[in-house]
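Enquirer: Take a look at query_35.pdb, PDB, N, CA and C atoms:
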```pdb
ATOM      1  N   MET A   1       4.613 -12.232 -18.339  1.00  0.00           N
ATOM      2  CA  MET A   1       4.531 -12.989 -17.105  1.00  0.00           C
ATOM      3  C   MET A   1       3.329 -13.925 -17.174  1.00  0.00           C
ATOM      4  N   GLN A   2       3.499 -15.108 -16.668  1.00  0.00           N
ATOM      5  CA  GLN A   2       2.432 -16.098 -16.717  1.00  0.00           C
ATOM      6  C   GLN A   2       1.457 -15.886 -15.565  1.00  0.00           C
ATOM      7  N   LYS A   3       0.250 -16.410 -15.745  1.00  0.00           N
ATOM      8  CA  LYS A   3      -0.794 -16.259 -14.722  1.00  0.00           C
ATOM      9  C   LYS A   3      -0.337 -16.784 -13.365  1.00  0.00           C
ATOM     10  N   SER A   4       0.328 -17.945 -13.331  1.00  0.00           N
ATOM     11  CA  SER A   4       0.757 -18.519 -12.056  1.00  0.00           C
ATOM     12  C   SER A   4       1.761 -17.611 -11.355  1.00  0.00           C
ATOM     13  N   ASP A   5       2.645 -16.951 -12.130  1.00  0.00           N
ATOM     14  CA  ASP A   5       3.601 -16.021 -11.546  1.00  0.00           C
ATOM     15  C   ASP A   5       2.891 -14.802 -10.980  1.00  0.00           C
ATOM     16  N   GLU A   6       1.873 -14.329 -11.698  1.00  0.00           N
ATOM     17  CA  GLU A   6       1.130 -13.161 -11.249  1.00  0.00           C
ATOM     18  C   GLU A   6       0.425 -13.420  -9.926  1.00  0.00           C
ATOM     19  N   LYS A   7      -0.105 -14.618  -9.759  1.00  0.00           N
ATOM     20  CA  LYS A   7      -0.817 -14.924  -8.520  1.00  0.00           C
ATOM     21  C   LYS A   7       0.141 -15.021  -7.344  1.00  0.00           C
ATOM     22  N   GLY A   8       1.397 -15.389  -7.585  1.00  0.00           N
ATOM     23  CA  GLY A   8       2.360 -15.541  -6.512  1.00  0.00           C
ATOM     24  C   GLY A   8       3.160 -14.288  -6.215  1.00  0.00           C
ATOM     25  N   ASP A   9       3.251 -13.354  -7.132  1.00  0.00           N
ATOM     26  CA  ASP A   9       4.055 -12.160  -6.953  1.00  0.00           C
ATOM     27  C   ASP A   9       3.319 -11.171  -6.042  1.00  0.00           C
ATOM     28  N   LEU A  10       3.884 -10.926  -4.884  1.00  0.00           N
ATOM     29  CA  LEU A  10       3.225 -10.064  -3.902  1.00  0.00           C
ATOM     30  C   LEU A  10       3.077  -8.629  -4.392  1.00  0.00           C
ATOM     31  N   ARG A  11       4.027  -8.135  -5.184  1.00  0.00           N
ATOM     32  CA  ARG A  11       3.931  -6.769  -5.700  1.00  0.00           C
ATOM     33  C   ARG A  11       2.728  -6.628  -6.619  1.00  0.00           C
ATOM     34  N   ILE A  12       2.517  -7.625  -7.463  1.00  0.00           N
ATOM     35  CA  ILE A  12       1.384  -7.584  -8.381  1.00  0.00           C
ATOM     36  C   ILE A  12       0.078  -7.683  -7.613  1.00  0.00           C
ATOM     37  N   ARG A  13       0.033  -8.590  -6.657  1.00  0.00           N
ATOM     38  CA  ARG A  13      -1.185  -8.746  -5.854  1.00  0.00           C
ATOM     39  C   ARG A  13      -1.495  -7.458  -5.093  1.00  0.00           C
ATOM     40  N   ARG A  14      -0.464  -6.829  -4.546  1.00  0.00           N
ATOM     41  CA  ARG A  14      -0.661  -5.580  -3.792  1.00  0.00           C
ATOM     42  C   ARG A  14      -1.168  -4.469  -4.711  1.00  0.00           C
ATOM     43  N   THR A  15      -0.563  -4.342  -5.880  1.00  0.00           N
ATOM     44  CA  THR A  15      -0.985  -3.304  -6.831  1.00  0.00           C
ATOM     45  C   THR A  15      -2.430  -3.502  -7.243  1.00  0.00           C
ATOM     46  N   ARG A  16      -2.789  -4.721  -7.580  1.00  0.00           N
ATOM     47  CA  ARG A  16      -4.168  -5.000  -7.985  1.00  0.00           C
ATOM     48  C   ARG A  16      -5.144  -4.747  -6.856  1.00  0.00           C
ATOM     49  N   LYS A  17      -4.744  -5.079  -5.643  1.00  0.00           N
ATOM     50  CA  LYS A  17      -5.608  -4.838  -4.481  1.00  0.00           C
ATOM     51  C   LYS A  17      -5.824  -3.339  -4.281  1.00  0.00           C
ATOM     52  N   LEU A  18      -4.753  -2.552  -4.381  1.00  0.00           N
ATOM     53  CA  LEU A  18      -4.877  -1.104  -4.222  1.00  0.00           C
ATOM     54  C   LEU A  18      -5.774  -0.502  -5.294  1.00  0.00           C
ATOM     55  N   LEU A  19      -5.619  -0.956  -6.530  1.00  0.00           N
ATOM     56  CA  LEU A  19      -6.444  -0.446  -7.615  1.00  0.00           C
ATOM     57  C   LEU A  19      -7.913  -0.807  -7.420  1.00  0.00           C
ATOM     58  N   LEU A  20      -8.169  -2.023  -6.990  1.00  0.00           N
ATOM     59  CA  LEU A  20      -9.545  -2.447  -6.754  1.00  0.00           C
ATOM     60  C   LEU A  20     -10.175  -1.658  -5.609  1.00  0.00           C
ATOM     61  N   GLU A  21      -9.435  -1.481  -4.525  1.00  0.00           N
ATOM     62  CA  GLU A  21      -9.962  -0.710  -3.399  1.00  0.00           C
ATOM     63  C   GLU A  21     -10.265   0.721  -3.825  1.00  0.00           C
ATOM     64  N   ALA A  22      -9.389   1.298  -4.625  1.00  0.00           N
ATOM     65  CA  ALA A  22      -9.616   2.661  -5.112  1.00  0.00           C
ATOM     66  C   ALA A  22     -10.876   2.715  -5.973  1.00  0.00           C
ATOM     67  N   LEU A  23     -11.034   1.726  -6.850  1.00  0.00           N
ATOM     68  CA  LEU A  23     -12.230   1.673  -7.694  1.00  0.00           C
ATOM     69  C   LEU A  23     -13.499   1.613  -6.844  1.00  0.00           C
ATOM     70  N   ILE A  24     -13.513   0.774  -5.856  1.00  0.00           N
ATOM     71  CA  ILE A  24     -14.694   0.616  -5.004  1.00  0.00           C
ATOM     72  C   ILE A  24     -14.985   1.903  -4.239  1.00  0.00           C
ATOM     73  N   GLU A  25     -13.963   2.480  -3.616  1.00  0.00           N
ATOM     74  CA  GLU A  25     -14.160   3.709  -2.845  1.00  0.00           C
ATOM     75  C   GLU A  25     -14.687   4.839  -3.726  1.00  0.00           C
ATOM     76  N   LEU A  26     -14.079   5.002  -4.891  1.00  0.00           N
ATOM     77  CA  LEU A  26     -14.494   6.082  -5.784  1.00  0.00           C
ATOM     78  C   LEU A  26     -15.886   5.852  -6.346  1.00  0.00           C
ATOM     79  N   THR A  27     -16.231   4.602  -6.604  1.00  0.00           N
ATOM     80  CA  THR A  27     -17.567   4.287  -7.112  1.00  0.00           C
ATOM     81  C   THR A  27     -18.630   4.660  -6.078  1.00  0.00           C
ATOM     82  N   VAL A  28     -18.340   4.391  -4.822  1.00  0.00           N
ATOM     83  CA  VAL A  28     -19.267   4.752  -3.752  1.00  0.00           C
ATOM     84  C   VAL A  28     -19.387   6.277  -3.647  1.00  0.00           C
ATOM     85  N   GLU A  29     -18.248   6.962  -3.761  1.00  0.00           N
ATOM     86  CA  GLU A  29     -18.244   8.416  -3.607  1.00  0.00           C
ATOM     87  C   GLU A  29     -18.865   9.155  -4.795  1.00  0.00           C
ATOM     88  N   LYS A  30     -18.461   8.771  -6.017  1.00  0.00           N
ATOM     89  CA  LYS A  30     -18.815   9.551  -7.201  1.00  0.00           C
ATOM     90  C   LYS A  30     -19.744   8.848  -8.170  1.00  0.00           C
ATOM     91  N   GLY A  31     -19.811   7.524  -8.084  1.00  0.00           N
ATOM     92  CA  GLY A  31     -20.524   6.747  -9.089  1.00  0.00           C
ATOM     93  C   GLY A  31     -19.545   6.278 -10.149  1.00  0.00           C
ATOM     94  N   PHE A  32     -19.766   5.098 -10.678  1.00  0.00           N
ATOM     95  CA  PHE A  32     -18.822   4.488 -11.617  1.00  0.00           C
ATOM     96  C   PHE A  32     -18.618   5.336 -12.866  1.00  0.00           C
ATOM     97  N   GLY A  33     -19.672   5.901 -13.390  1.00  0.00           N
ATOM     98  CA  GLY A  33     -19.572   6.683 -14.619  1.00  0.00           C
ATOM     99  C   GLY A  33     -18.732   7.941 -14.490  1.00  0.00           C
ATOM    100  N   ALA A  34     -18.612   8.471 -13.290  1.00  0.00           N
ATOM    101  CA  ALA A  34     -17.907   9.735 -13.089  1.00  0.00           C
ATOM    102  C   ALA A  34     -16.414   9.569 -12.822  1.00  0.00           C
ATOM    103  N   ILE A  35     -15.969   8.354 -12.556  1.00  0.00           N
ATOM    104  CA  ILE A  35     -14.555   8.191 -12.225  1.00  0.00           C
ATOM    105  C   ILE A  35     -13.727   7.908 -13.476  1.00  0.00           C
ATOM    106  N   THR A  36     -12.455   8.264 -13.389  1.00  0.00           N
ATOM    107  CA  THR A  36     -11.521   8.043 -14.490  1.00  0.00           C
ATOM    108  C   THR A  36     -10.373   7.166 -14.018  1.00  0.00           C
ATOM    109  N   VAL A  37      -9.612   6.683 -14.973  1.00  0.00           N
ATOM    110  CA  VAL A  37      -8.420   5.901 -14.629  1.00  0.00           C
ATOM    111  C   VAL A  37      -7.467   6.770 -13.805  1.00  0.00           C
ATOM    112  N   ARG A  38      -7.377   8.027 -14.157  1.00  0.00           N
ATOM    113  CA  ARG A  38      -6.517   8.942 -13.383  1.00  0.00           C
ATOM    114  C   ARG A  38      -6.972   9.012 -11.924  1.00  0.00           C
ATOM    115  N   ASP A  39      -8.286   9.107 -11.693  1.00  0.00           N
ATOM    116  CA  ASP A  39      -8.812   9.127 -10.327  1.00  0.00           C
ATOM    117  C   ASP A  39      -8.410   7.864  -9.570  1.00  0.00           C
ATOM    118  N   ILE A  40      -8.570   6.730 -10.226  1.00  0.00           N
ATOM    119  CA  ILE A  40      -8.250   5.445  -9.600  1.00  0.00           C
ATOM    120  C   ILE A  40      -6.775   5.396  -9.241  1.00  0.00           C
ATOM    121  N   CYS A  41      -5.916   5.800 -10.167  1.00  0.00           N
ATOM    122  CA  CYS A  41      -4.470   5.758  -9.941  1.00  0.00           C
ATOM    123  C   CYS A  41      -4.043   6.703  -8.825  1.00  0.00           C
ATOM    124  N   GLU A  42      -4.627   7.890  -8.810  1.00  0.00           N
ATOM    125  CA  GLU A  42      -4.293   8.842  -7.741  1.00  0.00           C
ATOM    126  C   GLU A  42      -4.688   8.289  -6.384  1.00  0.00           C
ATOM    127  N   ARG A  43      -5.874   7.709  -6.291  1.00  0.00           N
ATOM    128  CA  ARG A  43      -6.339   7.157  -5.014  1.00  0.00           C
ATOM    129  C   ARG A  43      -5.467   5.977  -4.572  1.00  0.00           C
ATOM    130  N   ALA A  44      -5.069   5.145  -5.538  1.00  0.00           N
ATOM    131  CA  ALA A  44      -4.264   3.956  -5.221  1.00  0.00           C
ATOM    132  C   ALA A  44      -2.774   4.280  -5.098  1.00  0.00           C
ATOM    133  N   MET A  45      -2.398   5.512  -5.457  1.00  0.00           N
ATOM    134  CA  MET A  45      -0.996   5.927  -5.478  1.00  0.00           C
ATOM    135  C   MET A  45      -0.161   5.014  -6.378  1.00  0.00           C
ATOM    136  N   VAL A  46      -0.676   4.829  -7.593  1.00  0.00           N
ATOM    137  CA  VAL A  46      -0.048   3.978  -8.598  1.00  0.00           C
ATOM    138  C   VAL A  46       0.034   4.788  -9.894  1.00  0.00           C
ATOM    139  N   ASN A  47       1.143   4.651 -10.615  1.00  0.00           N
ATOM    140  CA  ASN A  47       1.270   5.329 -11.906  1.00  0.00           C
ATOM    141  C   ASN A  47       0.277   4.766 -12.908  1.00  0.00           C
ATOM    142  N   ARG A  48      -0.150   5.625 -13.828  1.00  0.00           N
ATOM    143  CA  ARG A  48      -1.090   5.158 -14.857  1.00  0.00           C
ATOM    144  C   ARG A  48      -0.476   4.077 -15.727  1.00  0.00           C
ATOM    145  N   SER A  49       0.814   4.148 -15.975  1.00  0.00           N
ATOM    146  CA  SER A  49       1.463   3.102 -16.775  1.00  0.00           C
ATOM    147  C   SER A  49       1.359   1.749 -16.071  1.00  0.00           C
ATOM    148  N   THR A  50       1.422   1.756 -14.756  1.00  0.00           N
ATOM    149  CA  THR A  50       1.257   0.521 -13.993  1.00  0.00           C
ATOM    150  C   THR A  50      -0.164   0.006 -14.122  1.00  0.00           C
ATOM    151  N   PHE A  51      -1.128   0.918 -14.053  1.00  0.00           N
ATOM    152  CA  PHE A  51      -2.526   0.520 -14.232  1.00  0.00           C
ATOM    153  C   PHE A  51      -2.690  -0.190 -15.565  1.00  0.00           C
ATOM    154  N   TYR A  52      -2.176   0.428 -16.627  1.00  0.00           N
ATOM    155  CA  TYR A  52      -2.358  -0.132 -17.967  1.00  0.00           C
ATOM    156  C   TYR A  52      -1.523  -1.395 -18.202  1.00  0.00           C
ATOM    157  N   ARG A  53      -0.569  -1.659 -17.356  1.00  0.00           N
ATOM    158  CA  ARG A  53       0.165  -2.924 -17.424  1.00  0.00           C
ATOM    159  C   ARG A  53      -0.744  -4.079 -16.986  1.00  0.00           C
ATOM    160  N   HIS A  54      -1.723  -3.777 -16.136  1.00  0.00           N
ATOM    161  CA  HIS A  54      -2.608  -4.799 -15.592  1.00  0.00           C
ATOM    162  C   HIS A  54      -3.992  -4.818 -16.233  1.00  0.00           C
ATOM    163  N   TYR A  55      -4.489  -3.644 -16.631  1.00  0.00           N
ATOM    164  CA  TYR A  55      -5.867  -3.533 -17.118  1.00  0.00           C
ATOM    165  C   TYR A  55      -5.931  -2.658 -18.364  1.00  0.00           C
ATOM    166  N   LEU A  56      -6.955  -2.883 -19.181  1.00  0.00           N
ATOM    167  CA  LEU A  56      -7.160  -2.076 -20.378  1.00  0.00           C
ATOM    168  C   LEU A  56      -7.786  -0.727 -20.033  1.00  0.00           C
ATOM    169  N   ASP A  57      -8.747  -0.748 -19.108  1.00  0.00           N
ATOM    170  CA  ASP A  57      -9.465   0.451 -18.688  1.00  0.00           C
ATOM    171  C   ASP A  57     -10.223   0.127 -17.403  1.00  0.00           C
ATOM    172  N   LYS A  58     -11.031   1.068 -16.939  1.00  0.00           N
ATOM    173  CA  LYS A  58     -11.759   0.832 -15.681  1.00  0.00           C
ATOM    174  C   LYS A  58     -12.781  -0.287 -15.826  1.00  0.00           C
ATOM    175  N   TYR A  59     -13.285  -0.482 -17.036  1.00  0.00           N
ATOM    176  CA  TYR A  59     -14.252  -1.557 -17.267  1.00  0.00           C
ATOM    177  C   TYR A  59     -13.576  -2.923 -17.157  1.00  0.00           C
ATOM    178  N   ASP A  60     -12.344  -3.013 -17.624  1.00  0.00           N
ATOM    179  CA  ASP A  60     -11.581  -4.257 -17.529  1.00  0.00           C
ATOM    180  C   ASP A  60     -11.272  -4.573 -16.068  1.00  0.00           C
ATOM    181  N   LEU A  61     -10.921  -3.567 -15.291  1.00  0.00           N
ATOM    182  CA  LEU A  61     -10.685  -3.747 -13.854  1.00  0.00           C
ATOM    183  C   LEU A  61     -11.941  -4.286 -13.187  1.00  0.00           C
ATOM    184  N   LEU A  62     -13.080  -3.685 -13.479  1.00  0.00           N
ATOM    185  CA  LEU A  62     -14.350  -4.135 -12.901  1.00  0.00           C
ATOM    186  C   LEU A  62     -14.682  -5.555 -13.344  1.00  0.00           C
ATOM    187  N   LYS A  63     -14.490  -5.866 -14.618  1.00  0.00           N
ATOM    188  CA  LYS A  63     -14.796  -7.194 -15.139  1.00  0.00           C
ATOM    189  C   LYS A  63     -13.924  -8.259 -14.483  1.00  0.00           C
ATOM    190  N   GLN A  64     -12.628  -7.984 -14.353  1.00  0.00           N
ATOM    191  CA  GLN A  64     -11.746  -8.971 -13.730  1.00  0.00           C
ATOM    192  C   GLN A  64     -12.112  -9.188 -12.270  1.00  0.00           C
ATOM    193  N   PHE A  65     -12.497  -8.116 -11.580  1.00  0.00           N
ATOM    194  CA  PHE A  65     -12.939  -8.256 -10.196  1.00  0.00           C
ATOM    195  C   PHE A  65     -14.203  -9.114 -10.119  1.00  0.00           C
ATOM    196  N   MET A  66     -15.151  -8.852 -10.990  1.00  0.00           N
ATOM    197  CA  MET A  66     -16.397  -9.618 -10.987  1.00  0.00           C
ATOM    198  C   MET A  66     -16.137 -11.095 -11.323  1.00  0.00           C
ATOM    199  N   ASP A  67     -15.228 -11.359 -12.256  1.00  0.00           N
ATOM    200  CA  ASP A  67     -14.881 -12.734 -12.604  1.00  0.00           C
ATOM    201  C   ASP A  67     -14.258 -13.462 -11.410  1.00  0.00           C
ATOM    202  N   GLU A  68     -13.351 -12.792 -10.694  1.00  0.00           N
ATOM    203  CA  GLU A  68     -12.726 -13.391  -9.515  1.00  0.00           C
ATOM    204  C   GLU A  68     -13.764 -13.639  -8.428  1.00  0.00           C
ATOM    205  N   LEU A  69     -14.662 -12.699  -8.247  1.00  0.00           N
ATOM    206  CA  LEU A  69     -15.712 -12.840  -7.244  1.00  0.00           C
ATOM    207  C   LEU A  69     -16.620 -14.021  -7.578  1.00  0.00           C
ATOM    208  N   GLN A  70     -16.992 -14.146  -8.837  1.00  0.00           N
ATOM    209  CA  GLN A  70     -17.826 -15.262  -9.272  1.00  0.00           C
ATOM    210  C   GLN A  70     -17.113 -16.599  -9.052  1.00  0.00           C
ATOM    211  N   GLU A  71     -15.822 -16.639  -9.313  1.00  0.00           N
ATOM    212  CA  GLU A  71     -15.052 -17.861  -9.104  1.00  0.00           C
ATOM    213  C   GLU A  71     -15.017 -18.242  -7.630  1.00  0.00           C
ATOM    214  N   GLN A  72     -14.832 -17.248  -6.768  1.00  0.00           N
ATOM    215  CA  GLN A  72     -14.803 -17.505  -5.330  1.00  0.00           C
ATOM    216  C   GLN A  72     -16.158 -18.018  -4.829  1.00  0.00           C
ATOM    217  N   VAL A  73     -17.241 -17.438  -5.322  1.00  0.00           N
ATOM    218  CA  VAL A  73     -18.566 -17.879  -4.928  1.00  0.00           C
ATOM    219  C   VAL A  73     -18.810 -19.312  -5.400  1.00  0.00           C
ATOM    220  N   SER A  74     -18.393 -19.621  -6.602  1.00  0.00           N
ATOM    221  CA  SER A  74     -18.567 -20.985  -7.143  1.00  0.00           C
ATOM    222  C   SER A  74     -17.797 -22.000  -6.310  1.00  0.00           C
ATOM    223  N   GLU A  75     -16.559 -21.630  -5.930  1.00  0.00           N
ATOM    224  CA  GLU A  75     -15.756 -22.543  -5.110  1.00  0.00           C
ATOM    225  C   GLU A  75     -16.372 -22.733  -3.733  1.00  0.00           C
ATOM    226  N   ALA A  76     -16.921 -21.680  -3.175  1.00  0.00           N
ATOM    227  CA  ALA A  76     -17.539 -21.775  -1.849  1.00  0.00           C
ATOM    228  C   ALA A  76     -18.806 -22.626  -1.891  1.00  0.00           C
ATOM    229  N   ALA A  77     -19.485 -22.620  -3.027  1.00  0.00           N
ATOM    230  CA  ALA A  77     -20.729 -23.374  -3.153  1.00  0.00           C
ATOM    231  C   ALA A  77     -20.467 -24.891  -3.294  1.00  0.00           C
ATOM    232  N   ARG A  78     -19.270 -25.249  -3.694  1.00  0.00           N
ATOM    233  CA  ARG A  78     -18.963 -26.677  -3.870  1.00  0.00           C
ATOM    234  C   ARG A  78     -18.761 -27.407  -2.586  1.00  0.00           C
TER
END
```
What would you get if you wrote out this structure as structure tokens?

Expert:
Amino acid sequence: MQKSDEKGDLRIRRTRKLLLEALIELTVEKGFGAITVRDICERAMVNRSTFYRHYLDKYDLLKQFMDELQEQVSEAAR
């Protein structure tokens, strides 16, 4: 699937949002080092295979979130 399709597909956007929210909640509760992909998937109610369809690991999820956040800040600054 192409990047433009991913941004428009509501199912993909919803899945990524749930995974990100789970990552943030668990990081606050347990600390980033203590959480696992399984923890994230259970909290987001998403299969692990779905997680790995979008991300390599929890570090990739965090990196993509940080990249998107940086892009949003850059756009707001313009």

Enquirer: Which of these, A:Leu20, A:Glu42, A:Ile35, A:Ala77, has the shortest distance to A:Leu62 once you count all atoms listed in the file?

Expert: A:Leu20

Enquirer: List the neighbours of A:Glu21 out to 8 Å using all atoms listed in the file; skip same-chain residues closer than 4 positions along the sequence, and give me the result as JSON, numbers by chain.

Expert: {"A": [15, 16, 17, 25, 26, 27, 40, 43, 44]}

Enquirer: What are the DSSP helix (DSSP H, G or I) residues of stretch 2-78 of chain A, as an NGL selection string?

Expert: :A and (3-8 or 10-30 or 32-34 or 37-44 or 48-54 or 58-77)

Enquirer: Quick one: of A:Lys63, A:Arg78, A:Leu23, A:Asp9, who's nearest to A:Asp39, counting only N, CA and C atoms?

Expert: A:Leu23

Enquirer: Hey, can I get the axis-aligned box for stretch 18-24 of chain A? All listed atoms, 6 Å padding on each side, centre and edge lengths in Å to one decimal, as lines of an AutoDock Vina configuration file.

Expert:
```
center_x = -9.9
center_y = 0.1
center_z = -5.5
size_x = 22.2
size_y = 17.3
size_z = 16.3
```

Enquirer: Using only C-alpha atoms, find the one residue out of A:Met45, A:Lys30, A:Ser74, A:Thr36 that sits nearest to A:Lys58.

Expert: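 Once distances to A:Lys58 are computed over only C-alpha atoms, the minimum belongs to A:Thr36.
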
Enquirer: Can you give me N, CA, C and O atoms for stretch 62-77 of chain A, written as an mmCIF file, in the frame of the given file?

Expert:
```
data_model
loop_
_atom_site.group_PDB
_atom_site.id
_atom_site.type_symbol
_atom_site.label_atom_id
_atom_site.label_comp_id
_atom_site.auth_asym_id
_atom_site.auth_seq_id
_atom_site.Cartn_x
_atom_site.Cartn_y
_atom_site.Cartn_z
ATOM 1 N N LEU A 62 -13.080 -3.685 -13.479
ATOM 2 C CA LEU A 62 -14.350 -4.135 -12.901
ATOM 3 C C LEU A 62 -14.682 -5.555 -13.344
ATOM 4 O O LEU A 62 -15.067 -6.390 -12.524
ATOM 5 N N LYS A 63 -14.490 -5.866 -14.618
ATOM 6 C CA LYS A 63 -14.796 -7.194 -15.139
ATOM 7 C C LYS A 63 -13.924 -8.259 -14.483
ATOM 8 O O LYS A 63 -14.417 -9.310 -14.071
ATOM 9 N N GLN A 64 -12.628 -7.984 -14.353
ATOM 10 C CA GLN A 64 -11.746 -8.971 -13.730
ATOM 11 C C GLN A 64 -12.112 -9.188 -12.270
ATOM 12 O O GLN A 64 -12.073 -10.318 -11.774
ATOM 13 N N PHE A 65 -12.497 -8.116 -11.580
ATOM 14 C CA PHE A 65 -12.939 -8.256 -10.196
ATOM 15 C C PHE A 65 -14.203 -9.114 -10.119
ATOM 16 O O PHE A 65 -14.303 -10.020 -9.287
ATOM 17 N N MET A 66 -15.151 -8.852 -10.990
ATOM 18 C CA MET A 66 -16.397 -9.618 -10.987
ATOM 19 C C MET A 66 -16.137 -11.095 -11.323
ATOM 20 O O MET A 66 -16.759 -11.980 -10.733
ATOM 21 N N ASP A 67 -15.228 -11.359 -12.256
ATOM 22 C CA ASP A 67 -14.881 -12.734 -12.604
ATOM 23 C C ASP A 67 -14.258 -13.462 -11.410
ATOM 24 O O ASP A 67 -14.596 -14.616 -11.130
ATOM 25 N N GLU A 68 -13.351 -12.792 -10.694
ATOM 26 C CA GLU A 68 -12.726 -13.391 -9.515
ATOM 27 C C GLU A 68 -13.764 -13.639 -8.428
ATOM 28 O O GLU A 68 -13.740 -14.681 -7.765
ATOM 29 N N LEU A 69 -14.662 -12.699 -8.247
ATOM 30 C CA LEU A 69 -15.712 -12.840 -7.244
ATOM 31 C C LEU A 69 -16.620 -14.021 -7.578
ATOM 32 O O LEU A 69 -16.946 -14.836 -6.704
ATOM 33 N N GLN A 70 -16.992 -14.146 -8.837
ATOM 34 C CA GLN A 70 -17.826 -15.262 -9.272
ATOM 35 C C GLN A 70 -17.113 -16.599 -9.052
ATOM 36 O O GLN A 70 -17.727 -17.578 -8.605
ATOM 37 N N GLU A 71 -15.822 -16.639 -9.313
ATOM 38 C CA GLU A 71 -15.052 -17.861 -9.104
ATOM 39 C C GLU A 71 -15.017 -18.242 -7.630
ATOM 40 O O GLU A 71 -15.170 -19.399 -7.261
ATOM 41 N N GLN A 72 -14.832 -17.248 -6.768
ATOM 42 C CA GLN A 72 -14.803 -17.505 -5.330
ATOM 43 C C GLN A 72 -16.158 -18.018 -4.829
ATOM 44 O O GLN A 72 -16.216 -18.923 -3.997
ATOM 45 N N VAL A 73 -17.241 -17.438 -5.322
ATOM 46 C CA VAL A 73 -18.566 -17.879 -4.928
ATOM 47 C C VAL A 73 -18.810 -19.312 -5.400
ATOM 48 O O VAL A 73 -19.356 -20.140 -4.659
ATOM 49 N N SER A 74 -18.393 -19.621 -6.602
ATOM 50 C CA SER A 74 -18.567 -20.985 -7.143
ATOM 51 C C SER A 74 -17.797 -22.000 -6.310
ATOM 52 O O SER A 74 -18.283 -23.084 -6.015
ATOM 53 N N GLU A 75 -16.559 -21.630 -5.930
ATOM 54 C CA GLU A 75 -15.756 -22.543 -5.110
ATOM 55 C C GLU A 75 -16.372 -22.733 -3.733
ATOM 56 O O GLU A 75 -16.366 -23.840 -3.202
ATOM 57 N N ALA A 76 -16.921 -21.680 -3.175
ATOM 58 C CA ALA A 76 -17.539 -21.775 -1.849
ATOM 59 C C ALA A 76 -18.806 -22.626 -1.891
ATOM 60 O O ALA A 76 -19.137 -23.293 -0.909
ATOM 61 N N ALA A 77 -19.485 -22.620 -3.027
ATOM 62 C CA ALA A 77 -20.729 -23.374 -3.153
ATOM 63 C C ALA A 77 -20.467 -24.891 -3.294
ATOM 64 O O ALA A 77 -21.356 -25.674 -3.029
#
```
